[in-house]
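Novice: For reference, the file query03.txt (compact mmCIF, C-alpha atoms) is included below:
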# COMPACT_ATOMS: atom_id res chain seq x y z
CA MET A 101 128.12 54.08 -45.72
CA PRO A 102 125.85 51.24 -44.72
CA TYR A 103 126.40 47.86 -46.40
CA ARG A 104 124.06 47.07 -49.28
CA VAL A 105 121.89 43.98 -48.75
CA VAL A 106 119.66 42.18 -51.23
CA HIS A 107 116.98 39.93 -49.70
CA TYR A 108 115.62 36.82 -51.49
CA ILE A 109 112.15 35.53 -50.56
CA ASN A 110 109.44 33.36 -52.09
CA GLN A 111 106.00 34.26 -53.43
CA PHE A 112 104.33 33.74 -50.06
CA PHE A 113 106.59 36.02 -48.01
CA GLY A 114 106.73 38.30 -51.04
CA GLN A 115 102.99 38.82 -50.50
CA VAL A 116 102.06 37.62 -54.00
CA GLY A 117 100.06 34.58 -52.96
CA GLY A 118 100.18 31.01 -51.72
CA GLU A 119 100.56 27.73 -53.57
CA ASP A 120 98.44 29.04 -56.41
CA LYS A 121 101.22 31.55 -57.10
CA ALA A 122 104.14 29.17 -56.75
CA ASP A 123 104.80 29.65 -60.46
CA THR A 124 105.62 33.36 -59.98
CA LYS A 125 108.55 34.35 -62.15
CA PRO A 126 111.40 36.31 -60.53
CA PHE A 127 110.86 40.02 -59.96
CA VAL A 128 112.57 42.68 -57.90
CA LYS A 129 111.34 45.59 -55.79
CA GLU A 130 113.40 48.30 -54.13
CA GLY A 131 113.44 48.20 -50.36
CA VAL A 132 111.86 45.58 -48.12
CA ILE A 133 108.90 43.26 -48.40
CA GLY A 134 107.40 41.18 -45.58
CA PRO A 135 110.10 39.67 -43.32
CA GLY A 136 112.53 42.21 -44.79
CA MET A 137 111.04 44.64 -42.30
CA ALA A 138 112.26 42.47 -39.44
CA PHE A 139 115.73 42.22 -41.00
CA LYS A 140 115.77 45.99 -41.44
CA GLY A 141 115.31 46.38 -37.69
CA ALA A 142 117.84 43.68 -36.81
CA LEU A 143 120.55 44.99 -39.15
CA GLY A 144 120.23 48.50 -37.78
CA LYS A 145 122.15 51.36 -39.35
CA ASP A 146 125.08 49.25 -40.49
CA ALA A 147 123.30 47.65 -43.43
CA THR A 148 120.37 48.53 -45.68
CA ILE A 149 118.18 46.20 -47.69
CA VAL A 150 118.36 48.02 -51.01
CA ALA A 151 116.20 45.53 -52.89
CA THR A 152 114.10 42.38 -52.45
CA VAL A 153 114.00 39.69 -55.14
CA VAL A 154 111.01 37.39 -55.18
CA CYS A 155 110.55 34.07 -56.96
CA GLY A 156 107.87 31.39 -56.82
CA ASP A 157 109.03 28.16 -55.16
CA GLY A 158 107.53 26.06 -57.93
CA TYR A 159 109.07 28.18 -60.71
CA PHE A 160 112.52 28.03 -59.11
CA ASN A 161 112.54 24.28 -58.55
CA GLU A 162 111.11 23.44 -61.96
CA ASN A 163 113.48 25.82 -63.82
CA MET A 164 116.57 25.90 -61.65
CA ASP A 165 119.05 26.97 -64.32
CA THR A 166 116.99 29.75 -65.91
CA ALA A 167 115.66 31.00 -62.56
CA GLU A 168 119.21 31.23 -61.21
CA GLN A 169 120.35 33.19 -64.27
CA GLU A 170 117.42 35.61 -64.08
CA LEU A 171 117.85 36.14 -60.36
CA LEU A 172 121.63 36.51 -60.57
CA SER A 173 121.37 39.41 -63.00
CA MET A 174 118.65 41.09 -60.93
CA ILE A 175 120.71 40.72 -57.77
CA LYS A 176 123.94 41.83 -59.47
CA SER A 177 122.35 45.03 -60.72
CA TYR A 178 122.01 46.23 -57.12
CA SER A 179 125.72 45.78 -56.35
CA PRO A 180 125.05 44.12 -53.02
CA ASP A 181 127.64 43.47 -50.35
CA ILE A 182 125.69 40.45 -49.14
CA LEU A 183 122.67 38.29 -50.03
CA ILE A 184 120.25 37.18 -47.31
CA ALA A 185 117.78 34.47 -48.34
CA GLY A 186 114.65 33.30 -46.53
CA PRO A 187 114.54 32.03 -43.82
CA ALA A 188 112.85 28.98 -45.33
CA PHE A 189 112.14 27.05 -42.10
CA ASN A 190 110.98 23.57 -43.17
CA ALA A 191 109.55 24.51 -46.56
CA GLY A 192 111.39 22.11 -48.88
CA ARG A 193 111.21 23.93 -52.19
CA TYR A 194 111.90 27.27 -50.53
CA GLY A 195 114.93 25.78 -48.77
CA VAL A 196 116.27 24.37 -52.02
CA ALA A 197 115.75 27.77 -53.70
CA CYS A 198 117.46 29.69 -50.88
CA GLY A 199 120.39 27.28 -50.84
CA ALA A 200 120.74 27.30 -54.61
CA ILE A 201 120.60 31.10 -54.97
CA CYS A 202 123.07 31.51 -52.11
CA ALA A 203 125.46 29.04 -53.71
CA ALA A 204 125.12 30.77 -57.09
CA VAL A 205 125.57 34.30 -55.72
CA GLY A 206 128.42 33.27 -53.44
CA GLY A 207 130.16 31.50 -56.29
CA LYS A 208 129.51 33.92 -59.15
CA LEU A 209 129.39 37.31 -57.38
CA GLY A 210 131.93 36.42 -54.69
CA ILE A 211 129.99 38.09 -51.89
CA PRO A 212 129.01 36.58 -48.54
CA VAL A 213 125.61 34.89 -48.32
CA VAL A 214 123.41 33.86 -45.40
CA THR A 215 120.19 31.88 -45.25
CA GLY A 216 118.17 30.09 -42.56
CA MET A 217 116.48 26.68 -42.49
CA TYR A 218 115.25 23.90 -40.27
CA PRO A 219 118.02 21.26 -40.27
CA GLU A 220 115.71 18.65 -41.85
CA ASN A 221 114.93 20.90 -44.82
CA PRO A 222 116.22 19.07 -47.91
CA GLY A 223 117.92 22.31 -48.93
CA ALA A 224 120.11 22.06 -45.82
CA ASP A 225 121.84 18.81 -46.76
CA MET A 226 122.15 19.96 -50.34
CA TYR A 227 123.72 23.36 -49.68
CA LYS A 228 125.27 23.39 -46.20
CA LYS A 229 128.72 23.16 -47.79
CA ASN A 230 128.11 26.20 -49.99
CA CYS A 231 126.72 28.72 -47.54
CA TYR A 232 125.97 29.55 -43.95
CA ILE A 233 122.56 28.17 -43.08
CA VAL A 234 121.37 29.45 -39.71
CA LYS A 235 119.41 26.82 -37.78
CA THR A 236 115.75 27.77 -37.44
CA SER A 237 112.64 26.10 -36.10
CA ASN A 238 110.35 24.24 -38.47
CA SER A 239 107.73 26.93 -39.03
CA ALA A 240 107.36 30.65 -39.60
CA ALA A 241 106.44 30.95 -35.93
CA GLY A 242 110.22 30.92 -35.48
CA MET A 243 110.73 34.12 -37.49
CA ARG A 244 111.31 36.23 -34.38
CA LYS A 245 114.20 34.03 -33.29
CA ALA A 246 115.64 33.41 -36.75
CA VAL A 247 115.97 36.99 -37.97
CA PRO A 248 118.35 38.33 -35.27
CA LEU A 249 120.56 35.24 -35.59
CA MET A 250 120.78 35.63 -39.36
CA ALA A 251 121.35 39.37 -39.11
CA LYS A 252 124.13 38.86 -36.54
CA LEU A 253 125.93 36.37 -38.78
CA ALA A 254 125.44 38.62 -41.80
CA LEU A 255 127.05 41.57 -40.02
CA LYS A 256 129.95 39.36 -38.91
CA LEU A 257 130.56 38.36 -42.52
CA LEU A 258 130.25 41.94 -43.75
CA ASN A 259 132.69 43.22 -41.14
CA GLY A 260 135.14 40.46 -41.92
CA GLU A 261 134.97 39.12 -38.38
CA PRO A 262 135.85 35.45 -37.96
CA VAL A 263 132.85 33.17 -37.86
CA ALA A 264 132.73 31.00 -34.75
CA SER A 265 131.82 27.32 -34.48
CA PRO A 266 128.43 26.08 -35.73
CA ASP A 267 127.17 25.82 -32.17
CA GLU A 268 128.17 29.34 -31.21
CA ASP A 269 126.92 31.11 -34.31
CA GLN A 270 123.93 28.76 -34.65
CA TYR A 271 124.45 27.55 -38.21
CA ILE A 272 124.37 24.10 -39.74
CA ALA A 273 127.84 22.54 -39.73
CA ARG A 274 129.38 22.89 -43.17
CA GLY A 275 131.88 20.07 -42.95
CA ILE A 276 134.78 22.46 -43.45
CA ARG A 277 137.94 21.59 -41.59
CA LYS A 278 139.75 24.36 -39.83
CA ASN A 279 143.16 23.78 -38.27
CA VAL A 280 143.38 24.99 -34.69
CA PHE A 281 145.93 24.61 -31.97
CA LYS A 282 145.03 22.79 -28.76
CA GLU A 283 146.83 22.93 -25.42
CA GLU A 284 147.01 19.17 -24.96
CA LEU A 285 148.33 16.55 -27.36
CA GLY A 286 145.79 14.64 -29.44
CA ALA A 287 146.89 11.39 -27.85
CA LYS A 288 146.11 12.69 -24.37
CA ARG A 289 142.73 14.10 -25.47
CA ALA A 290 141.80 10.79 -27.10
CA VAL A 291 142.75 8.78 -24.01
CA ASP A 292 140.87 11.19 -21.75
CA MET A 293 137.80 10.75 -23.98
CA LEU A 294 138.12 6.96 -23.91
CA ILE A 295 138.44 6.92 -20.11
CA ALA A 296 135.35 9.11 -19.84
CA LYS A 297 133.46 6.80 -22.19
CA LEU A 298 134.49 3.68 -20.29
CA GLY A 299 133.46 5.31 -17.05
CA ASP A 300 130.06 6.24 -18.51
CA LYS A 301 130.95 9.89 -18.06
CA GLU A 302 130.02 12.69 -20.46
CA PHE A 303 132.37 13.59 -23.25
CA THR A 304 132.19 15.66 -26.43
CA THR A 305 133.49 14.13 -29.61
CA GLU A 306 135.85 16.31 -31.59
CA TYR A 307 134.57 14.86 -34.84
CA PRO A 308 130.93 13.72 -35.13
CA MET A 309 130.67 11.00 -37.78
CA PRO A 310 128.47 12.05 -40.73
CA ALA A 311 125.45 9.83 -41.28
CA PHE A 312 126.10 8.00 -44.56
CA ASP A 313 122.71 6.53 -45.09
CA ARG A 314 122.71 4.84 -48.46
CA VAL A 315 120.75 1.70 -49.25
CA THR A 316 122.00 -0.92 -51.70
CA PRO A 317 119.67 -1.06 -54.72
CA ASN A 318 117.56 -4.21 -54.90
CA PRO A 319 117.82 -6.46 -57.94
CA PRO A 320 115.40 -5.64 -60.76
CA ILE A 321 112.18 -7.46 -61.61
CA LYS A 322 112.88 -10.20 -64.13
CA ASP A 323 109.41 -10.69 -65.54
CA MET A 324 107.19 -7.63 -65.24
CA SER A 325 104.28 -9.43 -66.89
CA LYS A 326 104.02 -11.64 -63.82
CA ALA A 327 104.86 -9.02 -61.20
CA LYS A 328 102.61 -7.54 -58.52
CA ILE A 329 103.28 -3.81 -58.34
CA ALA A 330 102.11 -1.42 -55.64
CA LEU A 331 101.55 2.32 -55.79
CA VAL A 332 102.57 4.56 -52.88
CA THR A 333 102.47 8.35 -52.83
CA SER A 334 103.65 11.25 -50.70
CA GLY A 335 101.41 13.50 -52.78
CA GLY A 336 98.47 13.10 -50.43
CA ILE A 337 95.91 11.47 -52.77
CA VAL A 338 93.08 10.23 -50.52
CA PRO A 339 89.44 9.20 -50.97
CA LYS A 340 87.18 12.23 -51.28
CA GLY A 341 86.56 13.72 -47.87
CA ASN A 342 89.91 12.59 -46.51
CA PRO A 343 88.27 10.03 -44.19
CA ASP A 344 91.40 9.49 -42.11
CA LYS A 345 91.97 13.21 -41.89
CA ILE A 346 95.59 13.07 -42.98
CA GLU A 347 97.04 16.48 -42.19
CA SER A 348 97.97 18.88 -44.99
CA SER A 349 101.35 19.40 -43.37
CA SER A 350 103.43 17.40 -40.89
CA ALA A 351 101.31 14.30 -41.44
CA SER A 352 100.97 12.20 -38.32
CA LYS A 353 99.77 9.17 -40.24
CA TYR A 354 99.43 7.43 -43.59
CA GLY A 355 96.40 5.80 -45.19
CA ARG A 356 95.83 2.45 -46.84
CA TYR A 357 93.11 2.60 -49.45
CA SER A 358 91.42 -0.05 -51.53
CA LEU A 359 91.72 -0.07 -55.29
CA ALA A 360 89.45 -3.10 -55.69
CA GLY A 361 87.22 -2.46 -58.68
CA VAL A 362 88.78 0.99 -59.18
CA ASP A 363 89.98 1.65 -62.71
CA ASP A 364 90.29 5.40 -62.52
CA LEU A 365 90.54 8.18 -59.95
CA THR A 366 88.20 11.12 -60.48
CA ALA A 367 87.38 14.50 -58.96
CA ASP A 368 84.38 12.81 -57.35
CA SER A 369 86.15 9.81 -55.90
CA HIS A 370 89.46 11.23 -54.68
CA GLU A 371 91.22 14.44 -53.71
CA THR A 372 94.57 15.64 -52.44
CA ALA A 373 95.16 16.40 -48.78
CA HIS A 374 98.63 17.86 -49.42
CA GLY A 375 98.94 21.52 -48.49
CA GLY A 376 102.33 22.10 -50.05
CA TYR A 377 101.39 22.43 -53.70
CA ASP A 378 98.57 24.00 -55.69
CA PRO A 379 95.84 21.31 -55.37
CA VAL A 380 93.78 22.33 -58.41
CA TYR A 381 95.28 19.89 -60.89
CA ALA A 382 95.40 16.92 -58.53
CA ASN A 383 91.80 17.50 -57.47
CA GLU A 384 90.64 17.72 -61.10
CA ASP A 385 92.35 14.46 -61.94
CA PRO A 386 94.05 12.56 -59.12
CA ASN A 387 95.68 10.23 -61.68
CA ARG A 388 98.09 13.12 -62.20
CA VAL A 389 99.67 12.23 -58.85
CA LEU A 390 98.67 8.56 -58.45
CA PRO A 391 98.54 6.99 -61.94
CA VAL A 392 95.86 4.37 -61.31
CA ASP A 393 94.26 4.75 -64.76
CA VAL A 394 97.46 3.89 -66.62
CA MET A 395 98.42 1.12 -64.20
CA ARG A 396 95.02 -0.55 -64.78
CA ASP A 397 95.47 -0.29 -68.55
CA LEU A 398 98.89 -1.88 -68.29
CA GLU A 399 97.47 -4.60 -66.06
CA LYS A 400 94.72 -5.36 -68.59
CA GLU A 401 97.28 -5.44 -71.38
CA GLY A 402 99.50 -7.85 -69.46
CA VAL A 403 102.44 -5.46 -69.22
CA ILE A 404 102.34 -5.91 -65.46
CA GLY A 405 101.06 -9.01 -63.72
CA GLU A 406 98.87 -7.21 -61.21
CA LEU A 407 98.27 -3.84 -59.61
CA TYR A 408 98.24 -4.43 -55.85
CA ASP A 409 94.69 -3.90 -54.64
CA HIS A 410 95.56 -1.23 -52.09
CA TYR A 411 97.60 1.94 -52.32
CA TYR A 412 99.28 3.88 -49.53
CA ALA A 413 99.28 7.63 -49.19
CA THR A 414 100.64 10.23 -46.89
CA VAL A 415 101.42 13.92 -47.19
CA GLY A 416 105.08 14.68 -47.67
CA ASN A 417 104.75 18.38 -46.78
CA GLY A 418 107.02 19.06 -43.82
CA THR A 419 106.66 15.48 -42.60
CA SER A 420 109.51 14.67 -40.25
CA VAL A 421 112.19 12.30 -41.48
CA ALA A 422 111.60 10.09 -38.44
CA ASN A 423 107.90 9.75 -39.22
CA ALA A 424 108.44 9.17 -42.93
CA LYS A 425 110.82 6.35 -42.00
CA LYS A 426 108.30 4.82 -39.61
CA TYR A 427 105.45 4.92 -42.13
CA ALA A 428 107.55 3.39 -44.89
CA GLN A 429 108.82 0.59 -42.64
CA SER A 430 105.26 -0.32 -41.76
CA ILE A 431 104.09 -0.05 -45.37
CA ALA A 432 106.95 -2.22 -46.61
CA LYS A 433 106.06 -4.92 -44.08
CA ASP A 434 102.47 -5.03 -45.37
CA LEU A 435 103.54 -5.09 -49.00
CA ILE A 436 106.00 -7.92 -48.52
CA ALA A 437 103.46 -9.94 -46.53
CA ASP A 438 101.04 -9.57 -49.44
CA GLY A 439 103.50 -10.70 -52.09
CA VAL A 440 104.11 -7.30 -53.71
CA GLN A 441 107.32 -7.43 -55.72
CA ALA A 442 108.05 -3.80 -56.59
CA VAL A 443 106.84 -0.30 -55.81
CA ILE A 444 106.29 2.93 -57.69
CA LEU A 445 106.37 5.87 -55.27
CA THR A 446 105.18 9.19 -56.63
CA SER A 447 106.08 12.56 -55.14
CA THR A 448 105.15 16.12 -56.03
CA MET B 105 110.17 6.59 -47.56
CA VAL B 106 111.75 5.31 -50.78
CA LYS B 107 114.88 4.26 -48.93
CA GLU B 108 113.04 2.42 -46.18
CA ILE B 109 111.00 0.41 -48.67
CA GLU B 110 114.21 -0.42 -50.55
CA ARG B 111 115.89 -1.32 -47.26
CA ALA B 112 113.07 -3.79 -46.57
CA GLY B 113 113.99 -5.58 -49.80
CA LEU B 114 111.59 -4.30 -52.48
CA PRO B 115 112.90 -2.69 -55.66
CA ILE B 116 111.35 0.77 -55.82
CA VAL B 117 111.38 3.66 -58.25
CA HIS B 118 110.82 7.27 -57.21
CA VAL B 119 108.78 9.25 -59.73
CA CYS B 120 109.35 12.78 -58.54
CA THR B 121 109.67 16.35 -59.74
CA ILE B 122 112.57 17.64 -57.67
CA VAL B 123 115.25 15.15 -58.63
CA PRO B 124 118.06 16.85 -56.64
CA ILE B 125 116.15 16.22 -53.43
CA SER B 126 115.62 12.56 -54.27
CA LEU B 127 119.33 12.20 -55.14
CA THR B 128 120.45 13.88 -51.93
CA VAL B 129 118.18 11.79 -49.77
CA GLY B 130 119.39 8.65 -51.55
CA ALA B 131 116.81 7.05 -53.85
CA ASN B 132 118.41 4.53 -56.24
CA ARG B 133 115.98 4.52 -59.16
CA ILE B 134 114.58 7.93 -60.05
CA VAL B 135 112.27 9.03 -62.87
CA PRO B 136 111.90 12.82 -63.27
CA ALA B 137 108.26 13.90 -63.32
CA VAL B 138 106.52 16.77 -65.10
CA ALA B 139 105.79 19.44 -62.47
CA ILE B 140 105.13 19.82 -58.77
CA PRO B 141 101.33 20.15 -58.88
CA HIS B 142 100.97 17.46 -61.56
CA PRO B 143 103.93 15.10 -61.61
CA LEU B 144 102.24 12.59 -63.92
CA GLY B 145 100.10 14.96 -65.92
CA ASN B 146 99.95 18.15 -67.90
CA PRO B 147 96.73 20.17 -67.81
CA GLU B 148 97.79 22.05 -70.96
CA LEU B 149 97.39 18.89 -73.03
CA SER B 150 94.21 17.24 -74.21
CA LYS B 151 92.98 14.41 -72.00
CA LYS B 152 94.17 11.91 -74.59
CA ASP B 153 97.66 13.39 -74.88
CA GLU B 154 97.92 13.76 -71.14
CA LYS B 155 97.13 10.09 -70.58
CA ALA B 156 99.69 9.17 -73.22
CA LEU B 157 102.26 11.27 -71.37
CA ARG B 158 101.35 9.56 -68.10
CA ARG B 159 101.64 6.17 -69.74
CA ARG B 160 105.14 7.01 -71.03
CA LEU B 161 106.24 8.05 -67.54
CA VAL B 162 104.81 4.92 -65.93
CA LEU B 163 106.46 2.73 -68.58
CA LYS B 164 109.75 4.50 -67.81
CA ALA B 165 109.22 3.72 -64.14
CA LEU B 166 108.53 0.07 -64.92
CA LYS B 167 111.64 -0.05 -67.10
CA ALA B 168 113.65 1.34 -64.18
CA LEU B 169 112.32 -1.46 -61.99
CA GLN B 170 113.57 -3.97 -64.55
CA THR B 171 117.02 -2.39 -64.85
CA PRO B 172 119.87 -3.53 -62.62
CA VAL B 173 121.61 -0.54 -61.00
CA ASP B 174 124.73 -0.36 -58.84
CA ASP B 175 124.31 3.22 -57.80
CA GLN B 176 121.79 6.03 -57.89
CA THR B 177 120.41 6.28 -61.41
CA VAL B 178 118.13 8.88 -62.95
CA PHE B 179 116.10 7.44 -65.82
CA GLU B 180 115.52 10.50 -68.04
As structure tokens, how would this structure be written, given the file I've shared?

Specialist:
Amino acid sequence: MPYRVVHYINQFFGQVGGEDKADTKPFVKEGVIGPGMAFKGALGKDATIVATVVCGDGYFNENMDTAEQELLSMIKSYSPDILIAGPAFNAGRYGVACGAICAAVGGKLGIPVVTGMYPENPGADMYKKNCYIVKTSNSAAGMRKAVPLMAKLALKLLNGEPVASPDEDQYIARGIRKNVFKEELGAKRAVDMLIAKLGDKEFTTEYPMPAFDRVTPNPPIKDMSKAKIALVTSGGIVPKGNPDKIESSSASKYGRYSLAGVDDLTADSHETAHGGYDPVYANEDPNRVLPVDVMRDLEKEGVIGELYDHYYATVGNGTSVANAKKYAQSIAKDLIADGVQAVILTST
Amino acid sequence: MVKEIERAGLPIVHVCTIVPISLTVGANRIVPAVAIPHPLGNPELSKKDEKALRRRLVLKALKALQTPVDDQTVFE
């Protein structure tokens, strides 16, 4: 009897629609949809995708508790032996949804779960402890490589075979400690490693240090009525026409735009360049992402001292962590040089 | 981006929809926003009510900037 698999995908891979359908409520269909076909082939005769559950990325992330409940009962009704989610590649909301549904199903239904993501996907850091996340590339062009890896790991879990190290089975390290026996004493291994390091030779650490990157919060503003506040956004609000041609995904730059004499953002003056959310509402009224109208009111009323006369924008959709860091470092330098005292950063 | 600006020495508040992401990445002052396609808006409301909603969110953000925090704090 082949193992029963349920496959979780989003509205795009579920062939419902793009960003405009990100609010799709959960539904289920028997058999495969979209990438499920590829999984069907990779799983072979040992496992069958009995049903595919689909949920909009926006709906899931904006209603995490209810979406989880709805999806859990749909998934449960098919008595699966395993849940496969995604792969989500670098799509942030999709990654969070895949991780969350895997964690919920693994925890509440007690069955194995497998998903796939690009290591920088925010869902990866959030859920790597709860489930096996196979490492994928950062776009759907990597589907052909991702599917067989995920299927292989899924079959291992179904057959109760031991899962190998993250490197061997190509998943994101979960931070779980497993006791193993080694031939040589720890002391000898440590000294060997030190000698290699001193001699500039190659060595492999047995325990990579996790990157604890936390920043100490800065002290608060004492007198807001005298403060110069700047607006920054990752929501991609740019002057109409996107003069700097900031990309809708994987932005290679940020923009610095004047707010001199601007009291309001309108459908004629500004637009969104961000390709990762339904742009309709932001294009109708860009204040919905960059609240210039309210900031100007508050400035006139003396609630804030001054709205900085420029704002900074980039597109946060799939932008690499390294680039985001670079842009922000450069932006911060400008702001400090111009006497800005605090920042409101808006994200979609 | 929020962390880098904070690291440079400016107090910063993140007004964002997906709070778990902001928490995981490490923002210190967070204000939950309305929805992904309109974090500081709501197209179902009248223009007047929508602006009032936006004003409340911005005031919350300004309050966060005036509040001392030791650790990550979500200002609901």

Novice: Just the residues within 10 Å of Val234 of chain A, please, counting only C-alpha atoms, with nothing from its chain fewer than 6 positions along; format it as a count of residues only.

Specialist: 22

Novice: Pull out every residue of chain B sitting within 6 Å of chain A, counting only C-alpha atoms, and send them as a PyMOL selection string.

Specialist: chain B and resi 105+108-109+114-121+130+132+140-145+159+169-172

Novice: So how many Å separate atom CA of Gly131 of chain A and atom CA of Pro262 of chain A, to one decimal?

Specialist: 28.6 Å

Novice: Do you have the atom CA of Phe139 of chain A-atom CA of His107 of chain A distance handy?

Specialist: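 So the two atoms, atom CA of Phe139 of chain A and atom CA of His107 of chain A, lie 9.1 Å apart.
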
Novice: Please determine, counting only C-alpha atoms, which residue among A:His374, A:Ala413, A:Gly156, A:Tyr194 has the shortest atom-to-atom distance to Gly118 of chain A.

Specialist: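 Closest candidate: A:Gly156.
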
Novice: With distances taken over only C-alpha atoms, which residue among B:Asp153, B:Val138, B:Arg111, B:Lys164 lies nearest Val178 of chain B?

Specialist: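 When distances to Val178 of chain B are compared using only C-alpha atoms, the smallest one comes from B:Lys164.
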
Novice: For each of A:Ala240, A:Val392, A:Ile346, A:Tyr411, take the minimum atom-to-atom distance to Ser358 of chain A, counting all atoms listed in the file, then give the residue where this is smallest.

Specialist: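 Of the candidates, the smallest distance to Ser358 of chain A is held by A:Tyr411.
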
Novice: My list of candidates is B:Asn146, B:Leu166, B:Glu154, B:Gln176. Which is closest to Lys328 of chain A when distances are computed with all atoms listed in the file?

Specialist: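 Using all atoms listed in the file, the shortest distance to Lys328 of chain A belongs to B:Leu166.
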
Novice: My list of candidates is B:Ile134, B:Ala139, B:Leu149, B:Ala112. Which is closest to Val162 of chain B when distances are computed with only C-alpha atoms?

Specialist: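 Nearest candidate to Val162 of chain B out of B:Ile134, B:Ala139, B:Leu149, B:Ala112: B:Ile134.
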
Novice: With only C-alpha atoms as the atoms that count, which of A:Arg396, A:Lys125, A:Arg104, A:Lys340 lies nearest to Ala151 of chain A?

Specialist: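 Of all the options, A:Arg104 lies closest to Ala151 of chain A.
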
Novice: What does the structure give for the distance between atom CA of Asp344 of chain A and atom CA of Gly113 of chain B, in Å to one decimal?

Specialist: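 Spanning atom CA of Asp344 of chain A to atom CA of Gly113 of chain B is a straight-line distance of 28.2 Å.
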
Novice: The centre and edge lengths of an axis-aligned box containing all atoms of segment 291-301 of chain A present in the file, extended by 8 Å on each side, are to be given in Å to one decimal, as JSON.

Specialist:
{"center_x": 136.4, "center_y": 7.4, "center_z": -20.5, "size_x": 28.7, "size_y": 23.5, "size_z": 23.0}
